[in-house]
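**Q** Right, I'll just put the structure down here and ask away after.
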Amino acid sequence: KAGVTQTPRYLIKTRGQQVTLSCSPISGHRSVSWYQQTPGQGLQFLFEYFSETQRNKGNFPGRFSGRQFSNSRSEMNVSTLELGDSALYLCASSSGQKWGYTFGSGTRLTVV
Amino acid sequence: GENVEQHPSTLSVQEGDSAVIKCTYSDSASNYFPWYKQELGKRPQLIIDIRSNVGEKKDQRIAVTLNKTAKHFSLHITETQPEDSAVYFCAASSGGSYIPTFGRGTSLIVHP
């Protein structure tokens, strides 16, 4: 079966702009979690969506938001981009009712 | 919330040697401990996991041990090979949310 698909793979944005990232989970998975990965901080949890509702949230500012659609696809939005937002953004798909994460290949965001 | 500490941050070994990565966790309710391997430029992939009702689990050259009393768990790789070179992440989660908290990662370098 198809894996977790993230688009786009690479993005370059300017400070102050906004960006939207997309994640399509494994078919049948209802949970999508988002992580920010940076060299110094490892994998930082942003939020999790389950059945179109945000179920868990990490400690990121309100500039980071997300949503999930009825087909379980999820989008993450970052507004008013800062240089420090440059990172690899990973989404992880799971059933949401038991353990087992599958990661996508990520979107590499560079803010200049 | 859960806090996971991982050591060392970098581990350099000769091919054929063993490698050990150690993690500690803070939440006594955590009961699932996965390990992920992330090769350069690729997505994290689950390589082994252990649940709190088990003390040790092996899969070929990889083993994980868990000490619930001390709240620490370790990854052991025997007979290391150059293809084992990657960043390894430990994580801990509880049945309450299924969201894993990750350690900061260990960069394992295996020299031929």
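Here, A, B, ... name the chains of the structure tokens in the order displayed, residue numbers run from 1 inside each chain, and ligands are numbered from 1 in the same displayed order.
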I want to know what sits within 10 Å of Thr14 of chain A, based on only C-alpha atoms, with residues of the same chain fewer than 6 positions away left out; could you give that as a ChimeraX atom specification?

**A** /A:80-83,110-112

**Q** If you keep all heavy atoms, can you produce a file of those selected residues as a PDB file, in the first residue's frame?

**A**
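Below you can see result.pdb, which holds the result:
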```pdb
ATOM      1  N   THR A  80       3.591  34.345   8.927  1.00  0.00           N
ATOM      2  CA  THR A  80       4.635  35.299   9.326  1.00  0.00           C
ATOM      3  C   THR A  80       5.954  34.567   9.577  1.00  0.00           C
ATOM      4  O   THR A  80       6.492  34.549  10.702  1.00  0.00           O
ATOM      5  CB  THR A  80       4.218  36.090  10.574  1.00  0.00           C
ATOM      6  OG1 THR A  80       2.846  36.438  10.513  1.00  0.00           O
ATOM      7  CG2 THR A  80       5.043  37.376  10.672  1.00  0.00           C
ATOM      8  N   LEU A  81       6.473  33.953   8.567  1.00  0.00           N
ATOM      9  CA  LEU A  81       7.661  33.113   8.691  1.00  0.00           C
ATOM     10  C   LEU A  81       8.853  33.858   9.268  1.00  0.00           C
ATOM     11  O   LEU A  81       9.094  35.034   8.957  1.00  0.00           O
ATOM     12  CB  LEU A  81       8.036  32.529   7.331  1.00  0.00           C
ATOM     13  CG  LEU A  81       7.164  31.371   6.835  1.00  0.00           C
ATOM     14  CD1 LEU A  81       7.404  31.127   5.347  1.00  0.00           C
ATOM     15  CD2 LEU A  81       7.432  30.121   7.651  1.00  0.00           C
ATOM     16  N   GLU A  82       9.600  33.137  10.110  1.00  0.00           N
ATOM     17  CA  GLU A  82      10.834  33.654  10.685  1.00  0.00           C
ATOM     18  C   GLU A  82      11.985  32.760  10.234  1.00  0.00           C
ATOM     19  O   GLU A  82      11.787  31.603   9.854  1.00  0.00           O
ATOM     20  CB  GLU A  82      10.732  33.635  12.220  1.00  0.00           C
ATOM     21  CG  GLU A  82       9.581  34.469  12.762  1.00  0.00           C
ATOM     22  CD  GLU A  82       9.452  34.355  14.274  1.00  0.00           C
ATOM     23  OE1 GLU A  82      10.247  33.613  14.899  1.00  0.00           O
ATOM     24  OE2 GLU A  82       8.544  35.012  14.837  1.00  0.00           O
ATOM     25  N   LEU A  83      13.200  33.317  10.311  1.00  0.00           N
ATOM     26  CA  LEU A  83      14.377  32.538   9.899  1.00  0.00           C
ATOM     27  C   LEU A  83      14.465  31.227  10.678  1.00  0.00           C
ATOM     28  O   LEU A  83      14.852  30.190  10.136  1.00  0.00           O
ATOM     29  CB  LEU A  83      15.658  33.354  10.098  1.00  0.00           C
ATOM     30  CG  LEU A  83      15.810  34.607   9.242  1.00  0.00           C
ATOM     31  CD1 LEU A  83      17.114  35.320   9.575  1.00  0.00           C
ATOM     32  CD2 LEU A  83      15.757  34.273   7.755  1.00  0.00           C
ATOM     33  N   THR A 110      13.054  26.297   3.852  1.00  0.00           N
ATOM     34  CA  THR A 110      14.128  27.259   4.084  1.00  0.00           C
ATOM     35  C   THR A 110      13.547  28.655   4.034  1.00  0.00           C
ATOM     36  O   THR A 110      12.885  29.019   3.059  1.00  0.00           O
ATOM     37  CB  THR A 110      15.233  27.134   3.021  1.00  0.00           C
ATOM     38  OG1 THR A 110      15.749  25.802   3.037  1.00  0.00           O
ATOM     39  CG2 THR A 110      16.372  28.119   3.295  1.00  0.00           C
ATOM     40  N   VAL A 111      13.775  29.425   5.093  1.00  0.00           N
ATOM     41  CA  VAL A 111      13.287  30.801   5.159  1.00  0.00           C
ATOM     42  C   VAL A 111      14.491  31.735   5.014  1.00  0.00           C
ATOM     43  O   VAL A 111      15.473  31.615   5.761  1.00  0.00           O
ATOM     44  CB  VAL A 111      12.563  31.068   6.488  1.00  0.00           C
ATOM     45  CG1 VAL A 111      12.016  32.500   6.511  1.00  0.00           C
ATOM     46  CG2 VAL A 111      11.432  30.068   6.678  1.00  0.00           C
ATOM     47  N   VAL A 112      14.411  32.620   4.028  1.00  0.00           N
ATOM     48  CA  VAL A 112      15.536  33.534   3.767  1.00  0.00           C
ATOM     49  C   VAL A 112      15.123  34.982   4.000  1.00  0.00           C
ATOM     50  O   VAL A 112      13.944  35.305   4.055  1.00  0.00           O
ATOM     51  CB  VAL A 112      16.075  33.345   2.339  1.00  0.00           C
ATOM     52  CG1 VAL A 112      16.609  31.937   2.162  1.00  0.00           C
ATOM     53  CG2 VAL A 112      14.992  33.664   1.313  1.00  0.00           C
TER      54      VAL A 112
END
```

**Q** Can you pull out every residue within 7 Å of segment 82-98 of chain B, counting only C-alpha atoms, but drop anything in the same chain fewer than 2 positions away, and send it as a ChimeraX atom specification?

**A** /A:98-99 /B:4,15,23,29-40,80,100-112

**Q** Quick one: which residues from chain A are at most 7 Å off chain B, using only C-alpha atoms, as a list in words?

**A** Gln41, Gly42, Leu43, Lys98, Trp99, Phe103, Gly104, Ser105 and Gly106 of chain A

**Q** Could you tell me how far atom CA of Lys68 of chain B lies from atom CA of Tyr101 of chain A, in Å and to one decimal?

**A**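 One can read the atom CA of Lys68 of chain B to atom CA of Tyr101 of chain A distance as 22.7 Å.
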
**Q** Do a neighbour search on His72 of chain B at 8 Å with only C-alpha atoms, toss out local chain neighbours closer than 6 positions, and write the hits as a list in words.

**A** Lys22, Cys23, Thr24, Tyr25 and Leu66 of chain B

**Q** Once you have the residues from the selection above, write them out as an mmCIF file, in the first residue's frame, restricted to all heavy atoms.

**A**
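Saved the output as part.cif:
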```
data_model
loop_
_atom_site.group_PDB
_atom_site.id
_atom_site.type_symbol
_atom_site.label_atom_id
_atom_site.label_comp_id
_atom_site.auth_asym_id
_atom_site.auth_seq_id
_atom_site.Cartn_x
_atom_site.Cartn_y
_atom_site.Cartn_z
ATOM 1 N N LYS B 22 21.644 4.964 25.005
ATOM 2 C CA LYS B 22 20.837 4.906 26.217
ATOM 3 C C LYS B 22 19.842 6.059 26.288
ATOM 4 O O LYS B 22 20.168 7.184 25.899
ATOM 5 C CB LYS B 22 21.742 4.928 27.445
ATOM 6 C CG LYS B 22 22.694 3.749 27.509
ATOM 7 C CD LYS B 22 23.559 3.784 28.749
ATOM 8 C CE LYS B 22 24.484 2.566 28.788
ATOM 9 N NZ LYS B 22 25.323 2.536 30.015
ATOM 10 N N CYS B 23 18.664 5.760 26.816
ATOM 11 C CA CYS B 23 17.627 6.779 26.988
ATOM 12 C C CYS B 23 16.989 6.640 28.355
ATOM 13 O O CYS B 23 16.869 5.526 28.875
ATOM 14 C CB CYS B 23 16.555 6.650 25.908
ATOM 15 S SG CYS B 23 17.135 7.077 24.264
ATOM 16 N N THR B 24 16.605 7.777 28.916
ATOM 17 C CA THR B 24 15.828 7.776 30.149
ATOM 18 C C THR B 24 14.527 8.528 29.904
ATOM 19 O O THR B 24 14.469 9.410 29.029
ATOM 20 C CB THR B 24 16.591 8.440 31.307
ATOM 21 O OG1 THR B 24 16.878 9.808 30.948
ATOM 22 C CG2 THR B 24 17.894 7.720 31.590
ATOM 23 N N TYR B 25 13.502 8.175 30.646
ATOM 24 C CA TYR B 25 12.216 8.850 30.515
ATOM 25 C C TYR B 25 11.707 9.249 31.885
ATOM 26 O O TYR B 25 12.167 8.724 32.902
ATOM 27 C CB TYR B 25 11.207 7.980 29.767
ATOM 28 C CG TYR B 25 10.860 6.664 30.433
ATOM 29 C CD1 TYR B 25 9.691 6.525 31.188
ATOM 30 C CD2 TYR B 25 11.677 5.553 30.287
ATOM 31 C CE1 TYR B 25 9.362 5.327 31.776
ATOM 32 C CE2 TYR B 25 11.353 4.344 30.877
ATOM 33 C CZ TYR B 25 10.194 4.234 31.618
ATOM 34 O OH TYR B 25 9.866 3.036 32.219
ATOM 35 N N LEU B 66 14.802 -2.792 28.621
ATOM 36 C CA LEU B 66 13.994 -1.819 29.358
ATOM 37 C C LEU B 66 14.096 -2.105 30.848
ATOM 38 O O LEU B 66 13.905 -3.241 31.285
ATOM 39 C CB LEU B 66 12.531 -1.908 28.911
ATOM 40 C CG LEU B 66 11.505 -1.119 29.717
ATOM 41 C CD1 LEU B 66 11.748 0.378 29.597
ATOM 42 C CD2 LEU B 66 10.092 -1.476 29.278
#
```

**Q** One decimal, in Å: what's the spacing between atom CA of Gln97 of chain A and atom CA of Asn56 of chain A?

**A**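 Spanning atom CA of Gln97 of chain A to atom CA of Asn56 of chain A is a straight-line distance of 13.4 Å.
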
**Q** Would you kindly return, as a PyMOL selection string, each protein, DNA or RNA residue with an atom no farther than 12 Å from any atom of Pro25 of chain A, considering only C-alpha atoms and excluding same-chain residues fewer than 2 positions away?

**A** chain A and resi 1-7+22-23+27-34+49-50+68-69+71-75+90-96+101-105

**Q** Selected residues, N, CA, C and O atoms, written as a short mmCIF file (atom, residue, chain, number, x, y, z; two decimals), in the first residue's frame, please.

**A**
```
data_model
loop_
_atom_site.label_atom_id
_atom_site.label_comp_id
_atom_site.auth_asym_id
_atom_site.auth_seq_id
_atom_site.Cartn_x
_atom_site.Cartn_y
_atom_site.Cartn_z
N LYS A 1 0.84 -1.19 0.00
CA LYS A 1 0.00 0.00 0.00
C LYS A 1 0.88 1.25 0.00
O LYS A 1 2.03 1.20 0.41
N ALA A 2 0.31 2.38 -0.45
CA ALA A 2 1.06 3.61 -0.54
C ALA A 2 1.45 4.08 0.85
O ALA A 2 0.74 3.88 1.83
N GLY A 3 2.64 4.75 0.90
CA GLY A 3 3.10 5.27 2.18
C GLY A 3 2.53 6.65 2.44
O GLY A 3 1.52 7.04 1.86
N VAL A 4 3.20 7.37 3.32
CA VAL A 4 2.79 8.72 3.68
C VAL A 4 3.41 9.69 2.67
O VAL A 4 4.62 9.65 2.45
N THR A 5 2.59 10.52 2.09
CA THR A 5 3.06 11.42 1.04
C THR A 5 3.02 12.86 1.53
O THR A 5 1.97 13.35 1.95
N GLN A 6 4.16 13.51 1.44
CA GLN A 6 4.24 14.93 1.82
C GLN A 6 4.63 15.75 0.60
O GLN A 6 5.53 15.38 -0.17
N THR A 7 3.94 16.87 0.45
CA THR A 7 4.27 17.80 -0.63
C THR A 7 4.25 19.22 -0.13
O THR A 7 3.50 19.56 0.79
N SER A 22 1.47 19.93 2.93
CA SER A 22 0.42 18.92 2.83
C SER A 22 0.94 17.54 3.19
O SER A 22 2.10 17.21 2.93
N CYS A 23 0.04 16.73 3.77
CA CYS A 23 0.39 15.36 4.14
C CYS A 23 -0.80 14.45 3.85
O CYS A 23 -1.90 14.68 4.36
N SER A 27 -3.63 4.93 3.63
CA SER A 27 -5.05 4.68 3.52
C SER A 27 -5.58 3.95 4.75
O SER A 27 -5.01 2.95 5.19
N GLY A 28 -6.66 4.49 5.32
CA GLY A 28 -7.25 3.89 6.51
C GLY A 28 -6.76 4.50 7.81
O GLY A 28 -7.38 4.31 8.86
N HIS A 29 -5.65 5.20 7.76
CA HIS A 29 -5.15 5.88 8.97
C HIS A 29 -5.93 7.17 9.18
O HIS A 29 -6.09 7.96 8.26
N ARG A 30 -6.35 7.40 10.41
CA ARG A 30 -7.14 8.59 10.72
C ARG A 30 -6.37 9.65 11.50
O ARG A 30 -6.87 10.73 11.73
N SER A 31 -5.17 9.31 11.91
CA SER A 31 -4.37 10.25 12.70
C SER A 31 -3.18 10.75 11.90
O SER A 31 -2.47 9.95 11.26
N VAL A 32 -2.97 12.04 11.94
CA VAL A 32 -1.79 12.65 11.32
C VAL A 32 -1.14 13.56 12.36
O VAL A 32 -1.79 14.43 12.93
N SER A 33 0.13 13.33 12.60
CA SER A 33 0.90 14.17 13.52
C SER A 33 1.97 14.90 12.75
O SER A 33 2.51 14.38 11.77
N TRP A 34 2.30 16.08 13.21
CA TRP A 34 3.32 16.90 12.55
C TRP A 34 4.48 17.15 13.52
O TRP A 34 4.27 17.41 14.70
N TYR A 49 -3.82 15.53 14.51
CA TYR A 49 -5.22 15.57 14.11
C TYR A 49 -5.75 14.16 13.98
O TYR A 49 -5.08 13.28 13.43
N PHE A 50 -6.96 13.98 14.48
CA PHE A 50 -7.62 12.68 14.42
C PHE A 50 -9.07 12.93 14.05
O PHE A 50 -9.76 13.66 14.76
N GLN A 68 -7.36 19.09 9.25
CA GLN A 68 -7.47 17.78 8.62
C GLN A 68 -8.81 17.70 7.90
O GLN A 68 -9.83 18.16 8.42
N PHE A 69 -8.77 17.09 6.74
CA PHE A 69 -9.97 17.00 5.92
C PHE A 69 -10.67 15.64 6.12
O PHE A 69 -10.11 14.74 6.75
N ASN A 71 -11.03 13.24 4.23
CA ASN A 71 -10.30 12.08 3.68
C ASN A 71 -9.00 11.82 4.44
O ASN A 71 -8.16 11.06 3.98
N SER A 72 -8.85 12.46 5.59
CA SER A 72 -7.70 12.34 6.50
C SER A 72 -6.45 13.09 6.04
O SER A 72 -5.48 13.17 6.80
N ARG A 73 -6.46 13.63 4.85
CA ARG A 73 -5.33 14.46 4.45
C ARG A 73 -5.23 15.66 5.38
O ARG A 73 -6.24 16.17 5.87
N SER A 74 -4.00 16.07 5.66
CA SER A 74 -3.80 17.17 6.60
C SER A 74 -2.92 18.24 5.98
O SER A 74 -2.06 17.96 5.13
N GLU A 75 -3.16 19.45 6.37
CA GLU A 75 -2.32 20.58 5.98
C GLU A 75 -1.79 21.26 7.23
O GLU A 75 -2.48 21.32 8.26
N LEU A 90 8.09 17.01 9.26
CA LEU A 90 7.69 15.62 9.03
C LEU A 90 6.27 15.40 9.49
O LEU A 90 5.86 15.92 10.54
N CYS A 91 5.53 14.63 8.74
CA CYS A 91 4.25 14.19 9.25
C CYS A 91 4.31 12.68 9.47
O CYS A 91 5.10 11.97 8.83
N ALA A 92 3.53 12.23 10.40
CA ALA A 92 3.49 10.81 10.74
C ALA A 92 2.04 10.36 10.74
O ALA A 92 1.16 11.03 11.29
N SER A 93 1.81 9.22 10.16
CA SER A 93 0.47 8.66 10.00
C SER A 93 0.32 7.46 10.94
O SER A 93 1.24 6.67 11.10
N SER A 94 -0.86 7.37 11.57
CA SER A 94 -1.14 6.18 12.38
C SER A 94 -2.64 5.96 12.42
O SER A 94 -3.41 6.83 12.01
N SER A 95 -3.04 4.83 12.98
CA SER A 95 -4.48 4.57 13.10
C SER A 95 -5.09 5.50 14.14
O SER A 95 -6.28 5.78 14.12
N GLY A 96 -4.25 5.94 15.08
CA GLY A 96 -4.72 6.85 16.11
C GLY A 96 -5.30 6.15 17.33
O GLY A 96 -5.65 6.78 18.31
N TYR A 101 3.73 4.43 14.20
CA TYR A 101 3.87 5.63 13.40
C TYR A 101 4.57 5.28 12.10
O TYR A 101 5.52 4.50 12.10
N THR A 102 4.13 5.88 10.99
CA THR A 102 4.88 5.83 9.76
C THR A 102 5.12 7.27 9.31
O THR A 102 4.16 8.03 9.14
N PHE A 103 6.38 7.60 9.12
CA PHE A 103 6.71 8.97 8.74
C PHE A 103 6.71 9.15 7.23
O PHE A 103 7.02 8.22 6.47
N GLY A 104 6.39 10.37 6.83
CA GLY A 104 6.59 10.77 5.45
C GLY A 104 8.04 11.20 5.25
O GLY A 104 8.82 11.21 6.21
N SER A 105 8.39 11.53 4.04
CA SER A 105 9.77 11.93 3.73
C SER A 105 10.07 13.37 4.11
O SER A 105 11.24 13.77 4.11
#
```

**Q** Using only C-alpha atoms, which of the listed residues (A:Glu52, A:Pro8, A:Asp85, A:Gly100) sits closest to Arg67 of chain A?

**A**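 Among the listed residues, the smallest separation from Arg67 of chain A belongs to A:Glu52.
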
**Q** Hey, can you check how far atom CA of Asn67 of chain B sits from atom CA of Ala19 of chain B?

**A**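 Taking atom CA of Asn67 of chain B and atom CA of Ala19 of chain B, their separation equals 18.4 Å.
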
**Q** Please report, as a short mmCIF file (atom, residue, chain, number, x, y, z; two decimals) with N, CA, C and O atoms, in the first residue's frame, each residue of chain A to which DSSP assigns strand (DSSP E) when run on this structure's backbone.

**A**
```cif
data_model
loop_
_atom_site.label_atom_id
_atom_site.label_comp_id
_atom_site.auth_asym_id
_atom_site.auth_seq_id
_atom_site.Cartn_x
_atom_site.Cartn_y
_atom_site.Cartn_z
N THR A 5 2.59 10.52 2.09
CA THR A 5 3.06 11.42 1.04
C THR A 5 3.02 12.86 1.53
O THR A 5 1.97 13.35 1.95
N GLN A 6 4.16 13.51 1.44
CA GLN A 6 4.24 14.93 1.82
C GLN A 6 4.63 15.75 0.60
O GLN A 6 5.53 15.38 -0.17
N THR A 7 3.94 16.87 0.45
CA THR A 7 4.27 17.80 -0.63
C THR A 7 4.25 19.22 -0.13
O THR A 7 3.50 19.56 0.79
N TYR A 10 10.53 20.40 -1.14
CA TYR A 10 11.40 21.54 -0.81
C TYR A 10 10.63 22.84 -1.03
O TYR A 10 9.80 22.94 -1.95
N LEU A 11 10.92 23.82 -0.16
CA LEU A 11 10.31 25.13 -0.26
C LEU A 11 11.30 26.18 0.19
O LEU A 11 12.01 25.98 1.19
N ILE A 12 11.33 27.28 -0.54
CA ILE A 12 12.11 28.44 -0.09
C ILE A 12 11.16 29.61 0.00
O ILE A 12 10.47 29.92 -0.97
N LYS A 13 11.11 30.23 1.18
CA LYS A 13 10.21 31.34 1.42
C LYS A 13 10.99 32.50 2.03
O LYS A 13 12.07 32.32 2.60
N VAL A 19 3.21 29.82 4.61
CA VAL A 19 3.42 28.60 3.84
C VAL A 19 2.42 27.53 4.28
O VAL A 19 2.02 27.49 5.44
N THR A 20 2.03 26.70 3.32
CA THR A 20 1.14 25.58 3.61
C THR A 20 1.80 24.29 3.12
O THR A 20 2.23 24.21 1.98
N LEU A 21 1.86 23.32 4.03
CA LEU A 21 2.43 22.02 3.71
C LEU A 21 1.32 20.98 3.74
O LEU A 21 0.37 21.11 4.52
N SER A 22 1.47 19.93 2.93
CA SER A 22 0.42 18.92 2.83
C SER A 22 0.94 17.54 3.19
O SER A 22 2.10 17.21 2.93
N CYS A 23 0.04 16.73 3.77
CA CYS A 23 0.39 15.36 4.14
C CYS A 23 -0.80 14.45 3.85
O CYS A 23 -1.90 14.68 4.36
N SER A 24 -0.56 13.41 3.08
CA SER A 24 -1.58 12.40 2.84
C SER A 24 -1.18 11.13 3.56
O SER A 24 -0.13 10.55 3.26
N SER A 31 -5.17 9.31 11.91
CA SER A 31 -4.37 10.25 12.70
C SER A 31 -3.18 10.75 11.90
O SER A 31 -2.47 9.95 11.26
N VAL A 32 -2.97 12.04 11.94
CA VAL A 32 -1.79 12.65 11.32
C VAL A 32 -1.14 13.56 12.36
O VAL A 32 -1.79 14.43 12.93
N SER A 33 0.13 13.33 12.60
CA SER A 33 0.90 14.17 13.52
C SER A 33 1.97 14.90 12.75
O SER A 33 2.51 14.38 11.77
N TRP A 34 2.30 16.08 13.21
CA TRP A 34 3.32 16.90 12.55
C TRP A 34 4.48 17.15 13.52
O TRP A 34 4.27 17.41 14.70
N TYR A 35 5.71 17.09 12.97
CA TYR A 35 6.91 17.33 13.75
C TYR A 35 7.82 18.31 13.00
O TYR A 35 7.87 18.31 11.77
N GLN A 36 8.52 19.10 13.79
CA GLN A 36 9.57 19.95 13.25
C GLN A 36 10.91 19.33 13.63
O GLN A 36 11.14 19.03 14.80
N GLN A 37 11.77 19.13 12.65
CA GLN A 37 13.08 18.55 12.93
C GLN A 37 14.17 19.54 12.59
O GLN A 37 14.29 20.00 11.46
N THR A 38 14.96 19.87 13.60
CA THR A 38 16.12 20.74 13.41
C THR A 38 17.33 20.05 14.02
O THR A 38 17.18 19.22 14.92
N GLY A 42 16.19 18.13 17.54
CA GLY A 42 15.60 16.81 17.28
C GLY A 42 14.21 16.93 16.70
O GLY A 42 13.90 17.82 15.94
N LEU A 43 13.34 16.00 17.12
CA LEU A 43 11.96 15.95 16.62
C LEU A 43 11.03 16.61 17.65
O LEU A 43 10.78 16.08 18.71
N GLN A 44 10.51 17.77 17.27
CA GLN A 44 9.62 18.51 18.15
C GLN A 44 8.17 18.35 17.66
O GLN A 44 7.86 18.66 16.52
N PHE A 45 7.30 17.93 18.58
CA PHE A 45 5.90 17.67 18.23
C PHE A 45 5.14 18.97 18.08
O PHE A 45 5.16 19.83 18.96
N LEU A 46 4.45 19.10 16.95
CA LEU A 46 3.64 20.29 16.69
C LEU A 46 2.19 20.06 17.10
O LEU A 46 1.66 20.76 17.95
N PHE A 47 1.53 19.13 16.46
CA PHE A 47 0.14 18.80 16.78
C PHE A 47 -0.26 17.51 16.09
O PHE A 47 0.43 17.02 15.19
N GLU A 48 -1.38 16.96 16.57
CA GLU A 48 -1.96 15.76 16.00
C GLU A 48 -3.41 15.99 15.66
O GLU A 48 -4.14 16.61 16.45
N TYR A 49 -3.82 15.53 14.51
CA TYR A 49 -5.22 15.57 14.11
C TYR A 49 -5.75 14.16 13.98
O TYR A 49 -5.08 13.28 13.43
N PHE A 50 -6.96 13.98 14.48
CA PHE A 50 -7.62 12.68 14.42
C PHE A 50 -9.07 12.93 14.05
O PHE A 50 -9.76 13.66 14.76
N THR A 53 -10.21 16.57 13.91
CA THR A 53 -10.13 17.36 15.14
C THR A 53 -8.71 17.36 15.67
O THR A 53 -8.03 16.33 15.65
N GLN A 54 -8.26 18.51 16.15
CA GLN A 54 -6.95 18.55 16.78
C GLN A 54 -7.05 17.86 18.13
O GLN A 54 -7.74 18.34 19.04
N ARG A 55 -6.32 16.79 18.30
CA ARG A 55 -6.44 15.99 19.52
C ARG A 55 -5.31 16.26 20.51
O ARG A 55 -5.49 16.13 21.71
N ASN A 56 -4.14 16.61 20.00
CA ASN A 56 -3.00 16.92 20.86
C ASN A 56 -2.23 18.10 20.25
O ASN A 56 -2.22 18.27 19.02
N LYS A 57 -1.58 18.87 21.11
CA LYS A 57 -0.87 20.05 20.64
C LYS A 57 0.44 20.18 21.40
O LYS A 57 0.47 19.99 22.62
N PHE A 64 1.76 28.61 14.00
CA PHE A 64 1.71 27.25 13.46
C PHE A 64 0.29 26.71 13.66
O PHE A 64 -0.20 26.65 14.79
N SER A 65 -0.35 26.35 12.58
CA SER A 65 -1.70 25.83 12.67
C SER A 65 -1.86 24.68 11.69
O SER A 65 -1.01 24.47 10.81
N GLY A 66 -2.94 23.97 11.83
CA GLY A 66 -3.17 22.85 10.94
C GLY A 66 -4.63 22.57 10.79
O GLY A 66 -5.48 23.19 11.43
N ARG A 67 -4.92 21.63 9.92
CA ARG A 67 -6.29 21.14 9.79
C ARG A 67 -6.25 19.77 9.12
O ARG A 67 -5.24 19.38 8.52
N GLN A 68 -7.36 19.09 9.25
CA GLN A 68 -7.47 17.78 8.62
C GLN A 68 -8.81 17.70 7.90
O GLN A 68 -9.83 18.16 8.42
N SER A 74 -4.00 16.07 5.66
CA SER A 74 -3.80 17.17 6.60
C SER A 74 -2.92 18.24 5.98
O SER A 74 -2.06 17.96 5.13
N GLU A 75 -3.16 19.45 6.37
CA GLU A 75 -2.32 20.58 5.98
C GLU A 75 -1.79 21.26 7.23
O GLU A 75 -2.48 21.32 8.26
N MET A 76 -0.59 21.78 7.10
CA MET A 76 0.00 22.58 8.16
C MET A 76 0.33 23.95 7.59
O MET A 76 0.85 24.05 6.48
N ASN A 77 0.01 24.99 8.32
CA ASN A 77 0.24 26.35 7.87
C ASN A 77 1.14 27.08 8.86
O ASN A 77 0.96 26.93 10.08
N VAL A 78 2.09 27.80 8.33
CA VAL A 78 2.93 28.66 9.19
C VAL A 78 2.81 30.08 8.63
O VAL A 78 3.10 30.31 7.45
N ALA A 87 13.50 24.36 8.68
CA ALA A 87 13.56 23.04 9.29
C ALA A 87 13.01 22.01 8.32
O ALA A 87 12.48 22.35 7.26
N LEU A 88 13.14 20.75 8.71
CA LEU A 88 12.46 19.67 8.00
C LEU A 88 11.16 19.41 8.75
O LEU A 88 11.17 19.18 9.96
N TYR A 89 10.04 19.48 8.06
CA TYR A 89 8.74 19.23 8.67
C TYR A 89 8.27 17.84 8.25
O TYR A 89 8.10 17.55 7.07
N LEU A 90 8.09 17.01 9.26
CA LEU A 90 7.69 15.62 9.03
C LEU A 90 6.27 15.40 9.49
O LEU A 90 5.86 15.92 10.54
N CYS A 91 5.53 14.63 8.74
CA CYS A 91 4.25 14.19 9.25
C CYS A 91 4.31 12.68 9.47
O CYS A 91 5.10 11.97 8.83
N ALA A 92 3.53 12.23 10.40
CA ALA A 92 3.49 10.81 10.74
C ALA A 92 2.04 10.36 10.74
O ALA A 92 1.16 11.03 11.29
N SER A 93 1.81 9.22 10.16
CA SER A 93 0.47 8.66 10.00
C SER A 93 0.32 7.46 10.94
O SER A 93 1.24 6.67 11.10
N SER A 94 -0.86 7.37 11.57
CA SER A 94 -1.14 6.18 12.38
C SER A 94 -2.64 5.96 12.42
O SER A 94 -3.41 6.83 12.01
N THR A 102 4.13 5.88 10.99
CA THR A 102 4.88 5.83 9.76
C THR A 102 5.12 7.27 9.31
O THR A 102 4.16 8.03 9.14
N PHE A 103 6.38 7.60 9.12
CA PHE A 103 6.71 8.97 8.74
C PHE A 103 6.71 9.15 7.23
O PHE A 103 7.02 8.22 6.47
N THR A 107 9.05 17.76 4.34
CA THR A 107 9.18 18.97 3.52
C THR A 107 10.30 19.80 4.11
O THR A 107 10.26 20.15 5.30
N ARG A 108 11.29 20.09 3.29
CA ARG A 108 12.42 20.92 3.76
C ARG A 108 12.08 22.38 3.47
O ARG A 108 12.01 22.79 2.32
N LEU A 109 11.86 23.14 4.55
CA LEU A 109 11.50 24.56 4.43
C LEU A 109 12.72 25.41 4.76
O LEU A 109 13.35 25.23 5.81
N THR A 110 13.05 26.30 3.85
CA THR A 110 14.13 27.26 4.08
C THR A 110 13.55 28.66 4.03
O THR A 110 12.88 29.02 3.06
N VAL A 111 13.77 29.43 5.09
CA VAL A 111 13.29 30.80 5.16
C VAL A 111 14.49 31.73 5.01
O VAL A 111 15.47 31.61 5.76
#
```

**Q** Check the smallest atom-to-atom distance from each of B:Lys71, B:Arg51, B:Lys58, B:His76 to Ile21 of chain B using only C-alpha atoms, then report the winner.

**A**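 Using only C-alpha atoms, Ile21 of chain B sits closest to B:His76.
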
**Q** Using only C-alpha atoms for the distances, tell me which of B:Gln81, B:Ser26, B:Asn3, B:Val20 is nearest to Val64 of chain B.

**A**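 For Val64 of chain B, the nearest of the candidates is B:Val20.
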
**Q** Excluding Arg61 of chain B and residues on its chain fewer than 4 positions from it, collect all residues at most 7 Å away from it, counting only C-alpha atoms, and give them as a PDB file with N, CA, C and O atoms, in the first residue's frame.

**A**
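Below is the file around.pdb, written as the result:
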```pdb
ATOM      1  N   ILE B  77      23.399  -2.570  19.316  1.00  0.00           N
ATOM      2  CA  ILE B  77      23.651  -3.065  17.959  1.00  0.00           C
ATOM      3  C   ILE B  77      24.967  -3.818  17.986  1.00  0.00           C
ATOM      4  O   ILE B  77      25.999  -3.264  18.381  1.00  0.00           O
ATOM      5  N   THR B  78      24.935  -5.080  17.616  1.00  0.00           N
ATOM      6  CA  THR B  78      26.151  -5.887  17.588  1.00  0.00           C
ATOM      7  C   THR B  78      26.673  -5.992  16.159  1.00  0.00           C
ATOM      8  O   THR B  78      25.936  -5.797  15.191  1.00  0.00           O
ATOM      9  N   GLU B  79      27.968  -6.304  16.063  1.00  0.00           N
ATOM     10  CA  GLU B  79      28.614  -6.495  14.757  1.00  0.00           C
ATOM     11  C   GLU B  79      28.238  -5.370  13.781  1.00  0.00           C
ATOM     12  O   GLU B  79      27.728  -5.616  12.690  1.00  0.00           O
TER      13      GLU B  79
END
```
